[in-house]
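Worksheet: the structure to be examined is printed underneath.
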Amino acid sequence: MVESVQSPALATYGLIQGRLLFLIIPILGTALFAYIVARRLAPLLRAQADFRFDHPLLRIGNVLKFWFGQWRHPRYRFAGTIHILIFAGFILLAARAFTLLIQGVSPNFVMPGLSGEAGRVYGVVTDYAATVVFLCMVIAIVRRVVFKPARYAVPARHGKGHPIDAIFLLVLIAVLMLADSSFLATKVAADAKQGLTSESLAVFSLPWILRDLLISISMGNLQVIYLSAYVTHELTFFLLLCYRPFGIQFHVETSLFSIYFAKLDREILKPVRWGVSDEQLDQVKSFGVKSFEDFTWKHMLDFYSCADCGRCSDNCPSNAVGRPLSPRFLTLKARDYAFQTYPVFSRSKGNGKALVGGIYSEDEIWSCTTCGACEAECPLLVEYIDKIVDLRRGLIDGGNVPQSLQKPLKALESRGNPYGKMEKKRAEWASAKDFLQACSVKNLEKSNGASLLYFVDSITSYDDRMQSIARATARILDHLGENFGILGAAEKDSGHEARRFGEELLFIALRDHNSDAIKKSGVQRIVTADPHAFNALKHDYTDVPPVEHISQVIAREVRAGKIKFNPAKEDCVYAYHDPCYLGRHNQIYDDPRDVLDAIPGLKRVEMKRCRDRSFCCGGGGLMLFYEPKEDERMGVKRVLMAAEAGANVIVTACPFCMANLEDAIKVAGMEGKMNVIDLAELAGEHIVREDSKCDRSTAMEAETWKF
Amino acid sequence: MEILVCAKRVPDTSENEIQLNRAGNDIERDDLVYSINEADNYAVEEALQIVAKAGGSVTVVTVGGEDDEEVLRREMAMGAGHGVLISDDAFTGSDGRGIATILKAFVQKGNYDLILAGVQAEDGAAQIGGMLAAMLDYPFASLVNSIEVLDSKKLKVSREIEGGNREVNEIDLPCVLSIQTGINEPRYVGMRGIRAVASVPIPTISASDLNLGPGTVGRCAAKVKRLDYFLPVLGKGAEILHGSREENIDKVLELLEAKGGLR
């Protein structure tokens with residue numbers, strides 16, 4: 001076969017023949033990469049156990065959806081599209097890159113299956129793929145250098161970022177694409193000059209353009225360019241491979257594993273230690289994460305996989321209001337720590353140093369509302385809530401708990417509610433005079449015989465304002481003819497926040513108490529109006545009857561025609577605020593909206609942040625006691641979002657959202673301009689009741705809802 | 001440094017609604033939850049911090065009944081090495097001097113360099129610390145809000161005085177200090193910590209162990225006797241608001257504005 005240019009394999013470089021050189025470079029490059037990866041795995045071997053080996057089909061499904069399908073990327077339209085193009089380009093170019101590497105040793109190598117027509121089609125596709133990846137790199141570099149999207153910025157309190165790192169890697173990939181295309185284009189140009197036929201290049205692709213630029217160059221120079229392009233490709237390829245484990249691009253290798261091993265049941269918190277039952281917890285020496293090695297191997301893998309895209313923090317309400325927490329830096333600081341403590345080219349320095357007080361501050365760890373916005377956004381399914389809870393378990397175990405949280409935790413222990421109120425007053429909301437006339441609520445502590453339990457939980461039982469939610473809920477159940485009751489003094493706090501604040505044993509005590517009381521009551525179903533209690537009963541409790549949130553009950557009965565609504569007030573525009581533990585954590589987005597839409601004439605708007613991008617109100621349960629360091633309240637931001645959407649009433653379905661948003665309206669000075677109402681209250685206000693007694697009392701309570 | 005902290009179990013003011021009983025001689029004790037007296041908790045934390053720096057051990061002692069063991073366990077879960085319950089029927093009805101006498105007898109059986117007490121029990125009279133020091137003939141500083149160990153013989157302590165000012169003193173060991181809340185940030189005691197010390201035996205010390213006869217402690221020896229227990233009657237100009245929380249807040253604001261308290 002006549003060749004217009006000498007192939008890299010046959011050329012000599014100094015004294016070394018190409019064949020040998022291009023055998024040595026890949027062997028050295030691959031060996032170095034293997035060594036680096038092995039060193040990166042060192043901390044994972046010293047990490048805590050994590051059980052991620054079940055449900056292989058589900059996991060493969062996740063890989064197809066989130067890795068291969070790039071499912072979450074379009075949530076950020078522009079950056080996501082660029083990423084999808086680069087990812088697709090990489091996948092397509094893989095065979096071409098390997099062919100090129102092998103041709104350094106065996107000049108006429110063709111990848112099996114890619115000869116003939118298939119090869120020609122693959123050639124055209126990869127010409128375009130290389131072009132697209134190259135252009136994407138240019139755009140990505142320009143974006144980072146010129147436009148500097150805010151979410152990539154590194155606030156001083158989180159230390160130094162790695163801006164050069166990202167740009168350096170982008171440049172390397174651009175060089176790789178350019179080298180690949182130049183190599184191809186030079187050959188075609190040389191062939192054309194010699195009058196040889198060669199493969200045709202895809203029109204307007206990078207190699208096609210380069211060929212036109214190269215065609216006027218002398219044969220001698222073409223030969224030099226040809227070989228240089230090859231060497232550049234070879235070196236860049238292995239430089240990239242070996243440099244990636246030192247920065248944000250390690251995700252190219254680790255993402256597949258991160259996604260395969262990603263948590264399947266996100267609603268359920270990680271146990272204190274995998275494989276240790278509640279009964280064996282007393283034997284566990286240390287709770288939670290205190291030092292880096294207390295993380296599980298999967299959580300360490302998460303640290304490596306983070307691509308520093310900033311989407312988590314861009315959606316984190318704590319970060320938005322200037323609290324010290326930013327999920328992105330929770331990961332990046334841990335990764336920097338891992339890289340320093342377990343370096344590639346020197347001895348590991350793993351010394352079990354405390355993370356909180358070192359790379360993290362206590363305030364950072366207590367700032368999280370566990371709203372889940374970060375996890376809903378992360379394209380790589382990095383887990384945050386479990387890590388935060390594990391770090392809190394460590395703090396609780398060491399006694400490092402803010403003074404503001406100690407009293408409510410102690411009160412939960414001795415009184416079963418964070419307010420330290422008397423147990424016997426837990427059911428007092430049901431004996432309000434006006435309410436009693438309309439409906440009486442069975443106390444199952446005293447009498448059995450109800451089939452449905454209304455689990456009220458602490459805030460709705462004790463808080464003056466929230467008691468109205470309890471009464472509205474009870475009246476709806478009463479209207480539906482449900483045979484229901486409450487546990488009264490036998491009910492204790494669900495423990496949902498105790499658990500999420502890391503006080504696992506307190507949670508277990510509360511759960512066991514409530515589970516017993518529920519079992520004793522003999523009910524077959526549970527309803528609650530508190531999404532936190534709902535989440536606890538549904539996912540944290542194992543041995544209780546099925547539970548529904550009141551919004552699900554109302555929606556179902558509306559569909560069944562058992563609930564009909566009177567027309568809505570004309571001067572109100574409503575916006576529904578998704579509570580985190582109803583929406584993101586339990587995917588109940590449509591039921592509450594369906595209820596609102598079933599009220600004739602109700603004007604409803606959506607806030608920009610809604611459904612799985614809903615913005616946390618400030619957090620529930622113990623978070624109401626915590627005094628965070630912040631620039632403004634989450635609730636205030638949320639109320640302004642509702643105003644921006646054109647609403648003057650925020651409807652929510654959670655007592656904690658109610659508490660935070662009502663406060664926020666006052667802080668924002670929007671009293672009279674904005675109101676909050678609970679879905680159960682709103683539904684109760686509009687229900688068409690046949691019972692005149694109820695009508696009268698609803699009308700009375702409705703007075704207090706007048707805006 | 002061997003440190004003794006005198007602690008007391010009291011009705012938790014943040015978790016109870018304190019009301020007088022019908023007889024008017026005590027508060028209503030049904031449905032009460034108890035915890036360690038807050039200032040005593042700060043004293044234990046301070047003792048733990050001193051020991052962490054200077055070495056030694058912390059013993060927590062309380063005079064009371066079986067139920068009072070609970071607070072000793074909580075403080076042991078916090079990190080105190082020993083808990084001691086001083087309990088005897090003969091102690092019932094002791095006045096402050098009686099309790100101080102009991103504690104004095106206990107202190108003399110041990111070898112303590114430093115004795116801490118909370119500045120005041122929430123249901124008490126802020127008298128034990130001072131009396132105990134006098135009985136032992138030890139120096140005493142009250143309202144202490146910082147402690148620095150100078151050497152094995154001396155401490156530097158600062159005291160809270162009028163107007164939020166501080167006074168700094170050097171005090172010889174052994175001594176008694178009454179600890180003001182806010183001196184530190186007491187660590188959290190979780191369920192796990194309490195469970196870990198649940199089965200640690202707590203020694204009980206009786207009157208005979210301390211050679212205390214009925215003439216020195218108990219009801220007969222008490223020289224202070226409670227005569228009455230009542231809520232003060234409304235004075236001139238006092239006004240109690242009875243509305244809902246919101247209404248009360250509005251009313252308070254209105255009153256403050258009307259009287260020139262708000263500008």
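Identifiers in this document derive from the order of the structure tokens: chains are assigned A, B, ..., residues are numbered from 1 separately in each chain, and ligands are numbered from 1 in order of occurrence.
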For the contact check between chain B and chain A, emit one row per residue of chain B within 8 Å, containing the shortest atom pair and the distance in Å rounded to one decimal, counting only C-alpha atoms, chain then rising number order, as JSON lines.
{"residue": "B:Ser14", "atom": "CA", "partner": "A:Gly420", "partner_atom": "CA", "distance": 6.3}
{"residue": "B:Glu15", "atom": "CA", "partner": "A:Gly420", "partner_atom": "CA", "distance": 4.0}
{"residue": "B:Asn16", "atom": "CA", "partner": "A:Lys421", "partner_atom": "CA", "distance": 6.8}
{"residue": "B:Glu17", "atom": "CA", "partner": "A:Met422", "partner_atom": "CA", "distance": 7.8}
{"residue": "B:Asp31", "atom": "CA", "partner": "A:Met422", "partner_atom": "CA", "distance": 7.6}
{"residue": "B:Val33", "atom": "CA", "partner": "A:Ser414", "partner_atom": "CA", "distance": 6.8}
{"residue": "B:Met78", "atom": "CA", "partner": "A:Gly399", "partner_atom": "CA", "distance": 7.8}
{"residue": "B:Glu185", "atom": "CA", "partner": "A:Gln403", "partner_atom": "CA", "distance": 7.0}
{"residue": "B:Pro186", "atom": "CA", "partner": "A:Gln403", "partner_atom": "CA", "distance": 7.7}
{"residue": "B:Arg187", "atom": "CA", "partner": "A:Gly399", "partner_atom": "CA", "distance": 4.8}
{"residue": "B:Tyr188", "atom": "CA", "partner": "A:Gly399", "partner_atom": "CA", "distance": 4.2}
{"residue": "B:Val189", "atom": "CA", "partner": "A:Gly399", "partner_atom": "CA", "distance": 5.9}
{"residue": "B:Gly190", "atom": "CA", "partner": "A:Ile396", "partner_atom": "CA", "distance": 6.8}
{"residue": "B:Met191", "atom": "CA", "partner": "A:Leu505", "partner_atom": "CA", "distance": 5.9}
{"residue": "B:Arg192", "atom": "CA", "partner": "A:Leu505", "partner_atom": "CA", "distance": 6.4}
{"residue": "B:Gly193", "atom": "CA", "partner": "A:Asp397", "partner_atom": "CA", "distance": 7.7}
{"residue": "B:Arg195", "atom": "CA", "partner": "A:Asp282", "partner_atom": "CA", "distance": 8.0}
{"residue": "B:Ala196", "atom": "CA", "partner": "A:Asp282", "partner_atom": "CA", "distance": 7.7}
> Could you pull out the helix (DSSP H, G or I) residues of segment 105-192 of chain B from DSSP and send them as a PyMOL selection string?
Replying inline: chain B and resi 105-109+128-136+162-164+191-192
> What are the DSSP strand (DSSP E or B) residues of segment 94-168 of chain B, as a list in words?
Replying inline: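 Result set for segment 94-168 of chain B (strand (DSSP E or B)): Leu114, Ile115, Leu116, Ala117, Gly118, Phe140, Ala141, Ser142, Leu143, Val144, Asn145, Ser146, Ile147, Glu148, Val149, Lys154, Leu155, Lys156, Val157, Ser158, Arg159, Glu160, Ile161, Asn165, Arg166, Glu167 and Val168 of chain B.
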Write the residues you've just listed into a file as a JSON list (two decimals), in the first residue's frame, and include C-alpha atoms for each of them.
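What landed in out05.json:
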[["chain", "number", "residue", "atom", "x", "y", "z"],
["B", 114, "LEU", "CA", -12.00, 22.45, 95.08],
["B", 115, "ILE", "CA", -15.69, 22.43, 95.89],
["B", 116, "LEU", "CA", -18.17, 23.87, 93.41],
["B", 117, "ALA", "CA", -21.84, 24.55, 93.88],
["B", 118, "GLY", "CA", -24.38, 26.18, 91.62],
["B", 140, "PHE", "CA", -15.38, 31.32, 99.36],
["B", 141, "ALA", "CA", -16.24, 33.20, 96.19],
["B", 142, "SER", "CA", -19.77, 33.55, 94.95],
["B", 143, "LEU", "CA", -21.21, 34.28, 91.47],
["B", 144, "VAL", "CA", -18.07, 32.97, 89.80],
["B", 145, "ASN", "CA", -18.11, 33.32, 86.02],
["B", 146, "SER", "CA", -14.60, 32.23, 85.13],
["B", 147, "ILE", "CA", -11.94, 30.06, 86.70],
["B", 148, "GLU", "CA", -8.29, 29.81, 85.81],
["B", 149, "VAL", "CA", -5.96, 27.38, 87.53],
["B", 154, "LYS", "CA", -4.18, 29.00, 93.71],
["B", 155, "LEU", "CA", -7.00, 29.87, 91.33],
["B", 156, "LYS", "CA", -7.82, 33.08, 89.54],
["B", 157, "VAL", "CA", -11.57, 33.55, 89.58],
["B", 158, "SER", "CA", -13.72, 36.33, 88.28],
["B", 159, "ARG", "CA", -17.07, 37.22, 89.76],
["B", 160, "GLU", "CA", -20.06, 38.89, 88.30],
["B", 161, "ILE", "CA", -20.81, 42.15, 90.08],
["B", 165, "ASN", "CA", -18.92, 44.24, 85.66],
["B", 166, "ARG", "CA", -16.36, 41.66, 86.57],
["B", 167, "GLU", "CA", -14.12, 41.47, 89.58],
["B", 168, "VAL", "CA", -11.02, 39.28, 89.44]]
> Just how far from atom CA of Met607 of chain A is atom CA of Val558 of chain A, in Å to one decimal?
Replying inline: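 Value for the atom CA of Val558 of chain A-atom CA of Met607 of chain A distance: 24.3 Å.
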> Out of A:Ala683, A:Ala88, A:Met670, A:Ala533, which residue has the shortest atom-to-atom distance to Arg593 of chain A when counting only C-alpha atoms?
Replying inline: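 Looking only at the distances to Arg593 of chain A, the closest residue turns out to be A:Ala683.
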>> Would you pick out the contacts of segment 586-590 of chain A at 12 Å or less, using only C-alpha atoms, so that residues sharing its chain but fewer than 6 positions from it are not included, and give the list as a PyMOL selection string?
In response: chain A and resi 265-268+371-372+376+531-532+534-536+538-539+548-556+576-580+596-598+610-614+652-653
Mind writing the picked residues with C-alpha atoms as an mmCIF file, in the first residue's frame?
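out.cif written:
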data_model
loop_
_atom_site.group_PDB
_atom_site.id
_atom_site.type_symbol
_atom_site.label_atom_id
_atom_site.label_comp_id
_atom_site.auth_asym_id
_atom_site.auth_seq_id
_atom_site.Cartn_x
_atom_site.Cartn_y
_atom_site.Cartn_z
ATOM 1 C CA ASP A 265 -34.379 4.235 49.174
ATOM 2 C CA ARG A 266 -33.643 7.908 49.690
ATOM 3 C CA GLU A 267 -36.464 8.431 52.186
ATOM 4 C CA ILE A 268 -34.869 6.107 54.705
ATOM 5 C CA CYS A 371 -34.851 19.744 52.733
ATOM 6 C CA GLY A 372 -33.206 17.576 50.071
ATOM 7 C CA ALA A 376 -32.815 16.352 44.029
ATOM 8 C CA PRO A 531 -45.505 16.009 56.618
ATOM 9 C CA HIS A 532 -42.678 15.425 59.091
ATOM 10 C CA PHE A 534 -46.031 11.562 57.842
ATOM 11 C CA ASN A 535 -42.474 10.911 56.708
ATOM 12 C CA ALA A 536 -41.532 9.426 60.088
ATOM 13 C CA LYS A 538 -44.153 6.096 56.652
ATOM 14 C CA HIS A 539 -40.423 5.503 56.492
ATOM 15 C CA GLU A 548 -51.661 9.076 54.609
ATOM 16 C CA HIS A 549 -51.227 12.820 54.612
ATOM 17 C CA ILE A 550 -54.488 14.731 54.865
ATOM 18 C CA SER A 551 -53.905 16.233 51.398
ATOM 19 C CA GLN A 552 -54.019 12.728 49.929
ATOM 20 C CA VAL A 553 -57.265 12.003 51.762
ATOM 21 C CA ILE A 554 -58.914 15.233 50.612
ATOM 22 C CA ALA A 555 -57.772 14.750 47.016
ATOM 23 C CA ARG A 556 -59.094 11.192 46.953
ATOM 24 C CA TYR A 576 -49.023 26.378 46.688
ATOM 25 C CA HIS A 577 -45.757 25.964 48.600
ATOM 26 C CA ASP A 578 -44.477 22.383 48.514
ATOM 27 C CA PRO A 579 -43.348 21.298 51.995
ATOM 28 C CA CYS A 580 -40.053 19.421 51.636
ATOM 29 C CA LEU A 596 -56.932 23.649 45.184
ATOM 30 C CA ASP A 597 -58.012 23.291 41.584
ATOM 31 C CA ALA A 598 -61.208 21.565 42.712
ATOM 32 C CA CYS A 610 -42.015 24.641 42.938
ATOM 33 C CA ARG A 611 -42.387 20.894 43.095
ATOM 34 C CA ASP A 612 -38.965 19.247 43.418
ATOM 35 C CA ARG A 613 -37.304 22.636 43.255
ATOM 36 C CA SER A 614 -39.423 24.024 46.083
ATOM 37 C CA THR A 652 -49.012 25.068 52.458
ATOM 38 C CA ALA A 653 -49.655 21.684 53.995
#
>> List as a count of residues only the protein and nucleic acid residues near segment 246-256 of chain A, meaning an atom at most 8 Å away when only C-alpha atoms are counted, but skip any in the same chain fewer than 3 places from it.
In response: 16
